Amino acid sequence: MQFKHPELLYALFLLLIPIIVHLFQLRKFKTEAFTNVAFLKKVSLQTRKSAQIKKWLTLFTRMGILAAIVIAFAQPFTSKNKTFNTKSETVIYLDNSFSMQVKGDKGELLKRAVSDIISHVPEDENISLVTNDNSFRNTTIKAITNDLLQLNYSTNQLPYDAALLKSKKYFSKNDNTIKNLVFISDFQQKNSNFSPNKNDNTTLNLVQLKPVNTNNVSIDSVYISKRTSSNIELTVSIKNTGNTIENLPVSLYNNGSLLTKSSVKITDQATTIFTLPTNERIDGKVTIDDVNLQFDNTLFFNINNNSKINVLAINEAKDDYLKSIYTANEFNYKATKFNQLNYSEIASQNLIVLNELEQIPSTLVTALKAFTGNGGILVIIPSETIDIKEYNNLLVNYNFAPFSKQSETEKRLTTINYSHPLYSDGVFEKRISNFQYPKIKTYYPQNLVNASAILQFEDGKPFLSENNNAFVFTSALNRKNSSFQDINLIVPTFYNISKRSLKLSNLYYTIGEENTFDVVTDLQQDAVLTLVNQDSNIIPQQQYFNNKVAVTTTDTPEKAGIYNIKNKVEIIENVSYNYNRNESNLNYQTFSNSDNVTVSNSISEVFNTIKNENKTNELWKWFVVLGLLFLIFEMLILKYLK
């Protein structure tokens with residue numbers, strides 16, 4: 001039992017007053033002489049004993065009346081909390097990720113959660129509410145009801161630990177408040193389990209909302225599996241986490257018009273192939289019919305008439321292998337002899353290859369430095385007879401270690417950096433152990449200082465390294481000096497280097513990831529590119545170079561769809577964005593073995609528990625009743641006790 005006004009309990013010392021009054025009678029008694037009769041003495045003794053009992057009973061009842069009144073004014077109460085009138089704080093984290101789109105026993109999990117919050121949180125109670133992409137600090141349910149009813153699904157879910165940390169920041173720094181955090185989610189299984197630590201300052205209430213079934217079919221990816229001069233084969237990959245489906249319709253649209261349909265049988269995973277014409281611009285959309293999650297039933301993609309990559313080879317050696325790699329369907333390949341080089345053409349290129357030049361004059365170094373500074377890529381292939389001083393002058397501009405004197409010891413190329421961007425994206429299905437090592441007769445030894453090694457000799461010296469938009473070979477590649485042209489590795493190496501010089505847009509991008517692509521256009525001063533569709537007009541992060549604009553997006557746009565890339569009113573090309581498919585897999589975490597948290601599947605149950613925890617039982621009325629009972633008891637004693 002606790003008291004609202006414990007200081008009033010000092011008034012209990014007033015109980016000494018009736019004790020003093022009853023113990024020390026202030027009235028004086030007169031002695032009366034009676035006849036010395038034994039019978040009268042006996043009657044007098046019995047009367048005194050009865051009076052003494054009556055006095056003690058009256059004393060106890062009056063003390064009870066006074067004590068009950070004092071305690072009633074001190075206002076006693078009982079509560080599960082240790083202190084009365086302690087301010088409580090409530091923060092609600094509501095997971096509005098796409099996995100909450102699945103249906104529970106009373107409809108979509110998110111919509112049902114919103115309804116329960118509105119119904120069970122008192123309208124005027126001060127709360128804070130946090131979602132994956134929004135927050136409401138120190139507000140009331142009454143004030144944010146409309147916002148909750150219009151709450152949209154978030155494109156990216158916060159990691160649970162990050163959401164917990166974010167939610168705790170909405171509590172005050174006052175240690176004398178009762179802090180209740182209600183964490184509402186379906187708790188989808190991630191790479192690691194969510195295991196919050198027990199915190200004495202915050203009461204964590206987990207509410208795990210569960211779907212009625214976990215069946216879901218999703219479009220996982222779309223990619224070009226084959227390309228010919230006349231047709232493109234577009235492969236659609238579909239995943240299923242439920243029962244086998246015998247006949248799943250898959251539809252392909254272009255610019256809103258249905259092109260074709262197919263049907264697949266799917267257990268876990270299936271693919272279907274559509275054939276599209278080459279060199280035709282496609283604003284595509286693939287759809288399936290699935291009644292569970294909706295966000296992953298559509299995937300947007302684009303096939304643009306992409307700009308070709310401009311490649312300039314400055315030759316003093318044969319360039320047949322370069323011509324075979326940089327074909328006309330993807331590249332504008334131009335070859336020139338060093339003594340016929342037109343310096344004005346350098347700025348308009350995306351990739352420049354110095355093919356076994358013997359000398360690199362300072363004027364060319366200056367032009368190449370300006371070229372790479374504007375986003376161009378440079379490939380340096382030395383000849384067997386170079387002016388090493390001029391080459392080192394070029395290398396120092398890109399923070400490479402200098403070439404040493406040419407070594408005529410034959411070396412083998414034995415080490416491939418599989419994690420380098422040139423080879424990390426599907427070049428190798430697995431690491432090669434029986435690699436046919438190319439041999440190099442002569443090379444220029446070089447140390448790795450700031451550069452990143454791509455290919456290395458058996459002694460660890462670099463054969464190909466990269467730094468600051470420059471790729472440097474340490475050996476001539478002609479067939480007399482090297483067998484590098486005779487292995488399959490040369491094609492992806494040079495092809496992927498060229499792709500680094502102009503990052504043409506992919507079929508589609510994923511919202512929430514860092515996406516970078518180049519747009520070939522000339523911008524006027526202060527002009528910017530915009531991403532536009534029917535619902536949005538976005539200015540992305542961008543950097544302008546001589547003949548291209550590098551565009552970078554992460555959390556924007558927020559809505560999946562096909563977007564026009566515009567330079568003012570001119571549509572340059574289109575780009576597609578889709579939602580991340582991570583939440584398509586409906587597996588959920590279990591907390592049965594967790595000692596640090598208490599989990600419920602009912603929002604109403606949690607809020608009722610919080611309400612009961614903060615509820616106080618007022619007892620002062622009972623002490624008033626007790627005082628009245630003592631008063632009645634005293635009256636009965638005075639009237640009937642003789």
# chains A, B, ... in the order shown; residues from 1 in each chain; ligands from 1
>>> select_by_dssp(residues="range 426-598 of chain A", states="strand (DSSP E or B)", output="JSON, numbers by chain")
{"A": [439, 440, 443, 452, 453, 454, 455, 456, 457, 462, 463, 464, 465, 466, 467, 470, 471, 472, 473, 482, 509, 510, 515, 516, 517, 518, 519, 529, 530, 531, 532, 537, 538, 541, 542, 543, 544, 549, 550, 551, 552, 553, 561, 562, 563, 564, 565, 566, 567, 570, 571, 572, 573, 574, 575, 576, 577, 578, 588, 598]}
>>> closest_atom_pairs(of="range 289-404 of chain A", to="range 221-243 of chain A", cutoff="10 Å", atoms="only C-alpha atoms", output="Markdown table")
| residue | atom | partner | partner_atom | distance |
| --- | --- | --- | --- | --- |
| A:Asn297 | CA | A:Ile238 | CA | 9.7 |
| A:Leu299 | CA | A:Ser221 | CA | 7.7 |
| A:Phe300 | CA | A:Val222 | CA | 8.9 |
| A:Phe301 | CA | A:Val222 | CA | 7.9 |
| A:Ile303 | CA | A:Ile224 | CA | 9.8 |
| A:Asn329 | CA | A:Ser229 | CA | 9.0 |
>>> residues_around(residues="Val528 in chain A", least_positions_apart="2", cutoff="12 Å", atoms="only C-alpha atoms", output="compact mmCIF listing (two decimals) with N, CA and C atoms, in the first residue's frame")
# COMPACT_ATOMS: atom_id res chain seq x y z
N VAL A 519 24.06 8.58 -68.49
CA VAL A 519 23.15 9.01 -69.55
C VAL A 519 23.94 9.87 -70.52
N THR A 521 24.30 12.59 -72.86
CA THR A 521 23.59 13.81 -73.23
C THR A 521 24.49 15.00 -72.97
N ASP A 522 24.16 16.09 -73.58
CA ASP A 522 24.87 17.36 -73.34
C ASP A 522 23.93 18.28 -72.58
N LEU A 523 24.33 18.66 -71.39
CA LEU A 523 23.51 19.55 -70.57
C LEU A 523 24.01 20.98 -70.68
N GLN A 524 23.06 21.89 -70.76
CA GLN A 524 23.41 23.29 -70.71
C GLN A 524 23.72 23.68 -69.27
N GLN A 525 24.30 24.84 -69.10
CA GLN A 525 24.69 25.29 -67.76
C GLN A 525 23.46 25.38 -66.86
N ASP A 526 23.59 24.85 -65.64
CA ASP A 526 22.55 24.85 -64.61
C ASP A 526 21.37 23.93 -64.95
N THR A 530 15.92 14.86 -64.80
CA THR A 530 14.87 14.49 -63.86
C THR A 530 14.32 13.12 -64.21
N LEU A 531 13.83 12.41 -63.17
CA LEU A 531 13.13 11.14 -63.35
C LEU A 531 11.64 11.42 -63.19
N ILE A 538 11.35 13.63 -59.93
CA ILE A 538 12.47 13.53 -59.00
C ILE A 538 13.73 14.06 -59.66
N ILE A 539 14.50 14.82 -58.89
CA ILE A 539 15.84 15.23 -59.34
C ILE A 539 16.85 14.35 -58.62
N PRO A 540 17.45 13.37 -59.29
CA PRO A 540 18.40 12.47 -58.61
C PRO A 540 19.77 13.12 -58.46
N GLN A 541 20.59 12.49 -57.64
CA GLN A 541 21.98 12.92 -57.54
C GLN A 541 22.66 12.66 -58.88
N GLN A 542 23.41 13.64 -59.38
CA GLN A 542 24.00 13.51 -60.71
C GLN A 542 25.27 14.33 -60.82
N GLN A 543 26.15 13.89 -61.72
CA GLN A 543 27.42 14.57 -61.98
C GLN A 543 27.64 14.64 -63.48
N TYR A 544 27.90 15.84 -63.96
CA TYR A 544 28.02 16.05 -65.41
C TYR A 544 29.47 15.96 -65.85
N LYS A 548 28.45 12.96 -70.90
CA LYS A 548 27.54 12.08 -70.19
C LYS A 548 27.22 12.67 -68.83
N VAL A 549 26.15 12.14 -68.22
CA VAL A 549 25.76 12.51 -66.86
C VAL A 549 25.69 11.21 -66.05
N ALA A 550 26.45 11.16 -64.96
CA ALA A 550 26.41 10.00 -64.07
C ALA A 550 25.32 10.22 -63.03
N VAL A 551 24.31 9.33 -63.04
CA VAL A 551 23.16 9.44 -62.14
C VAL A 551 23.27 8.38 -61.05
N ILE A 565 13.73 9.56 -68.25
CA ILE A 565 14.87 10.42 -67.93
C ILE A 565 14.77 11.62 -68.85
N LYS A 566 14.53 12.80 -68.26
CA LYS A 566 14.24 13.99 -69.06
C LYS A 566 15.33 15.05 -68.90
N ASN A 567 15.67 15.66 -70.02
CA ASN A 567 16.46 16.88 -70.05
C ASN A 567 15.50 17.98 -70.47
N LYS A 568 14.97 18.68 -69.47
CA LYS A 568 13.86 19.63 -69.67
C LYS A 568 12.64 18.85 -70.18
N VAL A 569 12.23 19.04 -71.42
CA VAL A 569 11.06 18.32 -71.94
C VAL A 569 11.47 17.14 -72.81
N GLU A 570 12.75 17.02 -73.13
CA GLU A 570 13.23 15.94 -73.99
C GLU A 570 13.38 14.64 -73.19
>>> residues_around(residues="range 344-361 of chain A", least_positions_apart="4", cutoff="8 Å", atoms="only C-alpha atoms", output="PyMOL selection string")
chain A and resi 309-317+319+338+365+367-368+371+375-387+390-391+394+476+498+501-502+546-547
>>> write_last_selection(atoms="C-alpha atoms", output="compact mmCIF listing (two decimals), in the first residue's frame")
# COMPACT_ATOMS: atom_id res chain seq x y z
CA ILE A 309 30.42 3.19 -76.18
CA ASN A 310 33.07 5.29 -77.92
CA VAL A 311 36.43 3.48 -77.95
CA LEU A 312 39.64 5.00 -79.32
CA ALA A 313 42.71 2.79 -79.78
CA ILE A 314 45.99 4.65 -80.25
CA ASN A 315 48.14 2.01 -81.90
CA GLU A 316 51.71 1.20 -82.52
CA ALA A 317 50.89 -2.52 -82.62
CA ASP A 319 44.74 -4.23 -82.79
CA PHE A 338 50.02 7.56 -82.71
CA VAL A 365 49.75 12.96 -70.65
CA ALA A 367 45.17 15.40 -72.48
CA LEU A 368 44.70 11.95 -70.96
CA PHE A 371 40.02 12.88 -70.17
CA GLY A 375 34.94 10.17 -66.28
CA GLY A 376 36.81 8.50 -69.13
CA ILE A 377 38.69 5.20 -68.75
CA LEU A 378 42.29 4.71 -69.87
CA VAL A 379 44.01 1.38 -70.68
CA ILE A 380 47.81 1.41 -70.84
CA ILE A 381 49.59 -1.41 -72.68
CA PRO A 382 53.35 -0.85 -72.90
CA SER A 383 55.49 -1.97 -75.78
CA GLU A 384 58.65 -4.00 -75.42
CA THR A 385 60.78 -0.92 -76.10
CA ILE A 386 59.39 2.02 -74.15
CA ASP A 387 60.76 5.31 -72.95
CA GLU A 390 57.86 9.06 -70.07
CA TYR A 391 55.78 6.07 -69.01
CA LEU A 394 52.18 9.09 -66.92
CA ALA A 476 53.07 -6.04 -74.13
CA SER A 498 34.71 -0.71 -71.51
CA SER A 501 33.69 3.75 -69.08
CA LEU A 502 29.98 4.15 -69.80
CA ASN A 546 31.93 16.10 -71.12
CA ASN A 547 29.45 13.88 -72.93
>>> closest_atom_pairs(of="range 542-599 of chain A", to="range 189-195 of chain A", cutoff="6 Å", atoms="only C-alpha atoms", output="JSON lines")
{"residue": "A:Asn587", "atom": "CA", "partner": "A:Gln189", "partner_atom": "CA", "distance": 5.4}
{"residue": "A:Tyr588", "atom": "CA", "partner": "A:Gln189", "partner_atom": "CA", "distance": 4.5}
{"residue": "A:Gln589", "atom": "CA", "partner": "A:Gln189", "partner_atom": "CA", "distance": 4.9}
>>> write_last_selection(atoms="C-alpha atoms", output="compact mmCIF listing (two decimals), in the first residue's frame")
# COMPACT_ATOMS: atom_id res chain seq x y z
CA ASN A 587 9.43 -17.27 -43.04
CA TYR A 588 9.12 -15.93 -39.51
CA GLN A 589 11.26 -15.85 -36.40
>>> closest_residue(among="A:Pro492, A:Pro557, A:Gly627, A:Pro18", to="Ile69 in chain A", atoms="only C-alpha atoms")
A:Gly627
>>> select_by_dssp(residues="range 156-318 of chain A", states="helix (DSSP H, G or I)", output="PDB file with N, CA and C atoms, in the first residue's frame")
ATOM      1  N   TYR A 160      15.625  -4.931 -37.545  1.00  0.00           N
ATOM      2  CA  TYR A 160      14.914  -4.856 -36.277  1.00  0.00           C
ATOM      3  C   TYR A 160      15.737  -4.166 -35.191  1.00  0.00           C
ATOM      4  N   ASP A 161      17.032  -4.425 -35.159  1.00  0.00           N
ATOM      5  CA  ASP A 161      17.876  -3.759 -34.161  1.00  0.00           C
ATOM      6  C   ASP A 161      17.903  -2.257 -34.382  1.00  0.00           C
ATOM      7  N   ALA A 162      17.946  -1.843 -35.661  1.00  0.00           N
ATOM      8  CA  ALA A 162      17.941  -0.410 -35.970  1.00  0.00           C
ATOM      9  C   ALA A 162      16.595   0.219 -35.619  1.00  0.00           C
ATOM     10  N   ALA A 163      15.515  -0.509 -35.868  1.00  0.00           N
ATOM     11  CA  ALA A 163      14.188  -0.003 -35.518  1.00  0.00           C
ATOM     12  C   ALA A 163      14.046   0.146 -34.007  1.00  0.00           C
ATOM     13  N   LEU A 164      14.593  -0.811 -33.254  1.00  0.00           N
ATOM     14  CA  LEU A 164      14.548  -0.738 -31.800  1.00  0.00           C
ATOM     15  C   LEU A 164      15.329   0.467 -31.298  1.00  0.00           C
ATOM     16  N   LEU A 165      16.518   0.677 -31.853  1.00  0.00           N
ATOM     17  CA  LEU A 165      17.343   1.809 -31.454  1.00  0.00           C
ATOM     18  C   LEU A 165      16.666   3.130 -31.810  1.00  0.00           C
ATOM     19  N   LYS A 166      16.081   3.194 -32.994  1.00  0.00           N
ATOM     20  CA  LYS A 166      15.376   4.406 -33.420  1.00  0.00           C
ATOM     21  C   LYS A 166      14.196   4.701 -32.500  1.00  0.00           C
ATOM     22  N   SER A 167      13.458   3.668 -32.122  1.00  0.00           N
ATOM     23  CA  SER A 167      12.279   3.864 -31.271  1.00  0.00           C
ATOM     24  C   SER A 167      12.676   4.376 -29.888  1.00  0.00           C
ATOM     25  N   LYS A 168      13.761   3.851 -29.328  1.00  0.00           N
ATOM     26  CA  LYS A 168      14.178   4.266 -27.990  1.00  0.00           C
ATOM     27  C   LYS A 168      14.593   5.732 -27.939  1.00  0.00           C
TER      28      LYS A 168
END
>>> closest_atom_pairs(of="range 114-176 of chain A", to="range 290-295 of chain A", cutoff="12 Å", atoms="only C-alpha atoms", output="CSV")
residue,atom,partner,partner_atom,distance
A:Tyr153,CA,A:Phe295,CA,9.5
A:Ser154,CA,A:Phe295,CA,10.8
A:Thr155,CA,A:Phe295,CA,9.7
>>> residues_around(residues="Asn582 in chain A", least_positions_apart="3", cutoff="10 Å", atoms="only C-alpha atoms", output="list in words")
Phe98, Ser99, Asn156, Gln157, Lys190, Asp220, Asp296, Tyr579, Asn585 and Leu586 of chain A
>>> atom_distance(atom1="CA of Lys405 in chain A", atom2="CA of Lys439 in chain A")
19.0 Å
>>> residues_around(residues="Ser505 in chain A", least_positions_apart="3", cutoff="7 Å", atoms="only C-alpha atoms", output="PyMOL selection string")
chain A and resi 517-518+575
>>> write_last_selection(atoms="C-alpha atoms", output="PDB file, in the first residue's frame")
ATOM      1  CA  PHE A 517      24.196   4.615 -64.493  1.00  0.00           C
ATOM      2  CA  ASP A 518      25.341   7.039 -67.180  1.00  0.00           C
ATOM      3  CA  VAL A 575      14.669   3.487 -66.603  1.00  0.00           C
TER       4      VAL A 575
END
>>> residues_around(residues="range 459-469 of chain A", least_positions_apart="5", cutoff="7 Å", atoms="only C-alpha atoms", output="ChimeraX atom specification")
/A:372,376-378,398,445-447,451-454,474-475
>>> atom_distance(atom1="CA of Glu558 in chain A", atom2="CA of Gln150 in chain A")
16.1 Å
